[in-house]
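Chemist: Contents of start37.cif (mmCIF, C-alpha atoms) are below:
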data_coords
loop_
_atom_site.label_atom_id
_atom_site.label_comp_id
_atom_site.auth_asym_id
_atom_site.auth_seq_id
_atom_site.Cartn_x
_atom_site.Cartn_y
_atom_site.Cartn_z
CA MET A 27 0.00 0.00 0.00
CA LYS A 28 1.37 3.40 -0.96
CA ARG A 29 0.49 6.73 0.54
CA LYS A 30 -0.87 8.90 -2.27
CA PRO A 31 -1.36 12.65 -2.01
CA VAL A 32 -4.69 14.30 -2.82
CA LYS A 33 -4.44 14.95 -6.55
CA SER A 34 -5.73 18.53 -6.56
CA ALA A 35 -3.46 19.58 -3.71
CA SER A 36 -0.48 17.80 -5.23
CA ARG A 37 -1.00 19.47 -8.60
CA THR A 38 -1.30 22.91 -7.05
CA PHE A 39 2.09 22.58 -5.42
CA GLU A 40 3.62 21.02 -8.54
CA VAL A 41 2.52 24.08 -10.52
CA LEU A 42 4.20 26.38 -8.00
CA GLU A 43 7.33 24.21 -8.01
CA LEU A 44 7.44 24.44 -11.80
CA PHE A 45 7.52 28.23 -11.54
CA ARG A 46 10.23 27.95 -8.91
CA ASP A 47 12.36 25.94 -11.33
CA ARG A 48 11.62 27.97 -14.49
CA ARG A 49 11.60 31.42 -12.82
CA ALA A 50 9.62 32.98 -15.68
CA PRO A 51 6.01 33.55 -16.81
CA LEU A 52 4.53 30.41 -18.41
CA ARG A 53 1.72 29.77 -20.88
CA LEU A 54 -0.99 27.18 -20.34
CA ASN A 55 0.49 24.73 -22.84
CA GLU A 56 3.95 25.05 -21.25
CA ILE A 57 2.50 24.14 -17.87
CA TYR A 58 0.42 21.12 -18.82
CA SER A 59 3.13 19.82 -21.17
CA ALA A 60 5.82 20.08 -18.52
CA LEU A 61 3.72 18.43 -15.83
CA GLY A 62 1.90 15.90 -18.01
CA TYR A 63 -1.59 17.07 -16.98
CA PRO A 64 -4.73 17.06 -19.14
CA GLN A 65 -5.33 20.48 -20.68
CA SER A 66 -8.87 20.84 -19.33
CA SER A 67 -8.02 20.10 -15.71
CA THR A 68 -4.93 22.32 -15.92
CA THR A 69 -7.07 25.20 -17.18
CA ASN A 70 -9.51 24.82 -14.28
CA LEU A 71 -6.68 24.55 -11.76
CA LEU A 72 -4.94 27.70 -13.01
CA LYS A 73 -8.20 29.65 -13.06
CA SER A 74 -8.82 28.65 -9.44
CA MET A 75 -5.33 29.75 -8.44
CA VAL A 76 -5.90 33.09 -10.15
CA ILE A 77 -9.24 33.60 -8.37
CA GLU A 78 -7.60 32.79 -5.01
CA GLY A 79 -4.85 35.31 -5.70
CA TYR A 80 -1.91 32.90 -5.98
CA LEU A 81 -1.35 33.30 -9.73
CA ASN A 82 -1.40 36.39 -11.92
CA TYR A 83 -2.78 36.03 -15.46
CA ASN A 84 -1.59 38.43 -18.16
CA ARG A 85 -4.20 38.51 -20.94
CA ASN A 86 -1.87 40.28 -23.35
CA THR A 87 0.81 37.60 -23.23
CA ARG A 88 -1.48 34.79 -22.06
CA THR A 89 0.99 33.85 -19.36
CA TYR A 90 0.76 32.99 -15.67
CA LEU A 91 3.09 34.01 -12.85
CA PRO A 92 2.91 33.47 -9.07
CA THR A 93 1.93 36.51 -7.01
CA LEU A 94 3.63 37.84 -3.92
CA GLN A 95 0.88 36.18 -1.91
CA VAL A 96 2.67 32.88 -2.52
CA ALA A 97 5.89 34.28 -1.09
CA SER A 98 4.08 35.69 1.92
CA LEU A 99 2.68 32.32 3.02
CA GLY A 100 5.88 31.17 4.67
CA SER A 101 7.82 34.41 4.92
CA TRP A 102 7.17 34.71 8.65
CA LEU A 103 8.73 31.30 9.27
CA TYR A 104 11.74 31.92 7.06
CA GLY A 105 12.37 35.22 8.81
CA HIS A 106 12.30 33.48 12.17
CA VAL A 107 14.68 30.76 11.03
CA ALA A 108 17.06 32.94 9.04
CA PHE A 109 17.33 35.99 11.24
CA GLY A 110 15.60 35.54 14.58
CA SER A 111 17.52 32.52 15.82
CA GLY A 112 20.99 32.89 14.35
CA TYR A 113 20.79 29.97 11.94
CA SER A 114 21.94 32.14 9.05
CA TRP A 115 25.07 32.94 11.09
CA LEU A 116 25.69 29.21 11.66
CA ILE A 117 25.29 28.39 7.96
CA ASP A 118 27.51 31.29 6.88
CA GLU A 119 30.25 30.36 9.35
CA LEU A 120 30.33 26.71 8.27
CA TYR A 121 30.33 27.78 4.65
CA ARG A 122 33.22 30.19 5.25
CA LYS A 123 35.27 27.53 7.02
CA THR A 124 34.62 24.65 4.60
CA ASP A 125 33.64 26.09 1.20
CA GLU A 126 31.12 23.27 0.85
CA THR A 127 27.32 23.09 0.61
CA ILE A 128 25.77 23.75 4.03
CA VAL A 129 22.17 22.79 4.79
CA LEU A 130 19.75 23.29 7.66
CA VAL A 131 17.28 20.41 7.80
CA THR A 132 14.05 19.71 9.68
CA GLN A 133 11.94 16.63 10.19
CA ASN A 134 8.66 16.49 8.28
CA ASP A 135 6.73 13.38 9.31
CA LEU A 136 8.65 10.40 7.85
CA PHE A 137 10.90 12.68 5.85
CA ILE A 138 13.62 15.29 6.17
CA GLN A 139 13.21 18.65 4.47
CA TYR A 140 15.89 21.14 3.45
CA VAL A 141 14.83 24.56 4.77
CA MET A 142 17.98 26.68 4.34
CA MET A 143 21.24 26.22 2.50
CA ARG A 144 24.28 27.93 1.08
CA VAL A 145 25.96 26.53 -2.02
CA PRO A 146 29.56 27.25 -3.10
CA ASP A 147 30.55 28.57 -6.52
CA HIS A 148 32.92 25.71 -7.38
CA PRO A 149 31.66 22.75 -9.45
CA HIS A 150 32.34 20.08 -6.80
CA LYS A 151 28.77 19.85 -5.58
CA ARG A 152 25.32 18.46 -6.19
CA PRO A 153 23.02 20.33 -3.77
CA PRO A 154 19.35 19.52 -3.18
CA ASN A 155 16.63 22.05 -3.94
CA PRO A 156 15.41 24.20 -1.03
CA GLY A 157 12.25 22.60 0.30
CA GLU A 158 13.12 19.19 -1.16
CA MET A 159 12.13 16.19 0.97
CA ARG A 160 13.72 12.76 1.35
CA LEU A 161 12.85 9.73 3.39
CA MET A 162 14.50 9.86 6.82
CA LEU A 163 15.76 6.29 6.49
CA ASP A 164 17.58 7.19 3.28
CA ALA A 165 19.20 10.48 4.31
CA THR A 166 22.24 11.45 6.34
CA SER A 167 20.25 14.14 8.13
CA GLY A 168 17.45 11.65 8.77
CA MET A 169 19.82 9.32 10.56
CA ALA A 170 21.12 12.26 12.60
CA LEU A 171 17.57 13.16 13.61
CA MET A 172 16.68 9.59 14.57
CA SER A 173 19.79 9.29 16.73
CA ARG A 174 18.10 11.67 19.20
CA MET A 175 14.95 9.55 19.38
CA ARG A 176 14.13 6.56 21.53
CA ASP A 177 14.37 3.13 19.93
CA ARG A 178 10.60 2.63 19.80
CA GLU A 179 10.19 5.91 17.94
CA ILE A 180 12.74 4.78 15.35
CA ASP A 181 10.94 1.46 15.05
CA LYS A 182 7.70 3.31 14.35
CA ILE A 183 9.30 5.42 11.61
CA TYR A 184 10.82 2.29 10.09
CA ARG A 185 7.54 0.35 10.08
CA TYR A 186 5.48 3.19 8.61
CA SER A 187 8.08 3.88 5.92
CA ASN A 188 8.02 0.25 4.82
CA TYR A 189 4.23 -0.06 5.17
CA TYR A 190 3.70 2.78 2.73
CA GLU A 191 6.47 1.51 0.42
CA LEU A 192 7.99 4.95 0.39
CA ASN A 193 11.39 3.68 -0.74
CA PRO A 194 11.07 0.06 -2.00
CA ASP A 195 14.28 0.19 -4.07
CA ARG A 196 16.49 1.05 -1.10
CA ARG A 197 14.87 -0.84 1.74
CA ILE A 198 17.22 -1.66 4.61
CA THR A 199 16.64 -3.83 7.64
CA LEU A 200 15.79 -2.44 11.05
CA GLU A 201 18.93 -4.13 12.35
CA ASP A 202 21.03 -2.11 9.89
CA VAL A 203 19.25 1.09 10.90
CA MET A 204 19.82 0.51 14.60
CA SER A 205 23.46 -0.41 14.02
CA ARG A 206 23.97 2.96 12.33
CA ILE A 207 22.04 4.76 15.04
CA ARG A 208 24.18 3.26 17.79
CA TRP A 209 27.33 4.44 16.02
CA ILE A 210 25.91 7.94 15.55
CA ARG A 211 24.97 8.13 19.22
CA HIS A 212 28.54 7.16 20.06
CA THR A 213 30.27 9.63 17.72
CA GLY A 214 27.69 12.44 17.59
CA TYR A 215 27.66 12.71 13.81
CA VAL A 216 26.81 10.87 10.57
CA TYR A 217 29.13 10.44 7.61
CA TRP A 218 27.60 8.79 4.54
CA PRO A 219 29.85 8.55 1.46
CA GLU A 220 28.67 7.67 -2.06
CA HIS A 221 25.12 8.60 -1.11
CA PRO A 222 22.49 9.42 -2.35
CA VAL A 223 24.41 9.07 -5.62
CA PRO A 224 27.94 7.86 -6.43
CA GLY A 225 30.59 10.49 -5.90
CA ILE A 226 28.60 12.47 -3.32
CA ALA A 227 29.01 12.43 0.48
CA SER A 228 27.64 14.29 3.48
CA ILE A 229 28.18 14.86 7.18
CA ALA A 230 25.32 15.73 9.55
CA MET A 231 24.91 16.58 13.22
CA PRO A 232 21.75 17.04 15.28
CA LEU A 233 21.59 20.56 16.70
CA GLY A 234 19.58 19.59 19.76
CA GLU A 235 17.26 22.52 19.06
CA SER A 236 13.93 22.97 17.33
CA ILE A 237 11.65 25.36 15.52
CA HIS A 238 8.25 25.21 17.21
CA GLY A 239 9.03 21.68 18.38
CA ILE A 240 10.43 20.48 15.03
CA PRO A 241 14.01 19.19 15.51
CA LEU A 242 16.91 20.52 13.45
CA VAL A 243 20.05 19.10 11.85
CA ILE A 244 22.99 20.89 10.25
CA GLY A 245 24.83 19.21 7.39
CA ILE A 246 27.77 19.54 5.02
CA GLY A 247 27.58 18.08 1.52
CA GLY A 248 29.98 17.74 -1.37
CA THR A 249 31.93 15.25 -3.41
CA THR A 250 33.32 12.19 -1.68
CA GLU A 251 36.73 13.08 -3.09
CA ARG A 252 36.70 16.38 -1.19
CA LEU A 253 34.90 15.36 2.00
CA SER A 254 36.51 12.01 2.71
CA PRO A 255 40.11 13.19 3.38
CA ARG A 256 38.85 16.14 5.46
CA ARG A 257 36.18 14.24 7.37
CA ALA A 258 37.81 14.55 10.82
CA GLU A 259 38.63 18.23 10.20
CA TYR A 260 35.05 19.02 9.15
CA VAL A 261 33.61 17.21 12.16
CA GLU A 262 35.74 19.33 14.49
CA ILE A 263 34.78 22.49 12.61
CA MET A 264 31.11 21.60 12.98
CA ARG A 265 31.44 20.88 16.69
CA ASP A 266 33.33 24.10 17.40
CA THR A 267 31.00 26.24 15.29
CA ILE A 268 27.87 24.73 16.83
CA ALA A 269 29.30 25.36 20.30
CA GLU A 270 29.95 29.00 19.40
CA PHE A 271 26.47 29.25 17.88
CA ARG A 272 24.90 28.11 21.14
CA GLU A 273 26.88 30.71 23.08
CA ARG A 274 25.93 33.50 20.69
CA PHE A 275 22.30 32.54 20.20
CA PRO A 276 20.79 30.75 23.24
CA GLN A 277 17.70 28.89 22.04
CA ASP A 278 14.48 28.75 24.02
CA GLN A 279 13.09 25.64 22.32
CA GLN A 280 15.29 22.64 23.00
CA VAL A 281 14.38 19.26 21.57
CA PRO A 282 12.57 17.39 24.37
CA GLY A 283 14.49 14.43 25.64
CA ASP A 284 11.83 12.56 27.54
CA GLU A 285 8.33 13.21 26.28
CA ASP A 286 5.66 11.01 24.81
CA ASP A 287 6.39 9.15 21.60
CA LEU A 288 6.75 11.08 18.40
CA GLU A 289 3.46 11.31 16.57
CA ILE A 290 3.69 10.05 13.01
CA ALA A 291 0.97 11.22 10.61
CA ALA A 292 0.10 7.77 9.35
CA GLU A 293 -3.30 8.51 7.99
#
Could you quickly redo this structure as structure tokens?
Modeler:
Amino acid sequence: MKRKPVKSASRTFEVLELFRDRRAPLRLNEIYSALGYPQSSTTNLLKSMVIEGYLNYNRNTRTYLPTLQVASLGSWLYGHVAFGSGYSWLIDELYRKTDETIVLVTQNDLFIQYVMMRVPDHPHKRPPNPGEMRLMLDATSGMALMSRMRDREIDKIYRYSNYYELNPDRRITLEDVMSRIRWIRHTGYVYWPEHPVPGIASIAMPLGESIHGIPLVIGIGGTTERLSPRRAEYVEIMRDTIAEFRERFPQDQQVPGDEDDLEIAAE
């Protein structure tokens, strides 16, 4: 059994993501061709988004473009994360010291989600898209997040992920998961080379802090060729910079260490 999103909601967000990727006004035929939607349903969807104020329609050019109302939906949260809590300072400092891709990651149900990042100018990189989500079991940051959970919470995430067949091609055993978790708890960080694609590696550490109760992880990503020989150095840089971050920006919302089980949105 697979968890399937509501089609209308999924298509609405896919339209907005298409604009995010193209960064230009688009015609009707460009939208339904790119997304593989029927023309009639795409027309109705776009009209609804115009009526609700999320798309602008230019009759002269017959093109659509997201309005500032779209940007305003999450602007309050981004402002809190980027400026109110010092996370932009943490990302900038790690970027300055490593010259690698730096990401701030949150948990989103059974997934991790990239909420902030800084990407270097050099070609030795393959960064995710901001807002992109990946299964916790298949992500360096996901393993870092789970290392702060109790074993029964990890078991619940594992069972739900397999029940919904969210990653059938890369399924791993619970024993393998727990073996990794025990090592992460011992060392305080995750290093995962040649993942999620060959030639790419990443290092992640749980911050021990949260945004409105949602736990956070900081990560470094780049090519395995660059990260592997500097792994120990980067781990020390991360530890030192996180320690300085905590001194500079005391956080009010620490990740709870002994509360009820994590609620997983299974339905």
Chemist: Using all atoms of stretch 115-123 of chain A listed in the file and a margin of 4 Å per side, can you give the axis-aligned box centre and edge lengths in Å to one decimal, as JSON?
Modeler:
{"center_x": 30.2, "center_y": 29.8, "center_z": 8.2, "size_x": 18.2, "size_y": 14.2, "size_z": 15.0}
Chemist: Applied to this file, what does the PyMOL selection byres ((chain A and resi 54) around 9) return in terms of residues, put as a PyMOL selection string?
Modeler: chain A and resi 52-53+55-59+65+68-69+72+88-90
Chemist: If you apply the PyMOL selection byres ((chain A and resi 226-241) around 6) to this file, what residues do you get, as a list in words?
Modeler: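 Applying the expression gives Thr132, Ser167, Ala170, Leu171, Tyr215, Val216, Tyr217, Trp218, Pro219, Glu220, His221, Val223, Pro224, Gly225, Leu242, Val243, Ile244, Gly245, Ile246, Gly247, Gly248, Thr249, Thr250, Gln279, Gln280 and Val281 of chain A.
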Chemist: With a distance cut-off of 12 Å and all atoms listed in the file, select the neighbouring residues of A:Phe39, excluding the residue or stretch itself and same-chain residues fewer than 4 positions from it, and output the selection as a list in words.
Modeler: Pro31, Val32, Lys33, Ser34, Ala35, Glu43, Leu44, Phe45, Arg46, Leu61, Leu71, Leu72, Met75, Tyr80, Pro92, Val96 and Gly157 of chain A
Chemist: Could you tell me which of A:Glu179, A:Asp266, A:Asp202, A:Asp164 comes closest to A:Pro222 if we count all atoms listed in the file?
Modeler: A:Asp164
Chemist: Tell me which of A:Ser36, A:Trp115, A:Arg48, A:Gly62 sits closest to A:Phe275, counting all atoms listed in the file.
Modeler: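 For A:Phe275, the nearest of the given residues is A:Trp115.
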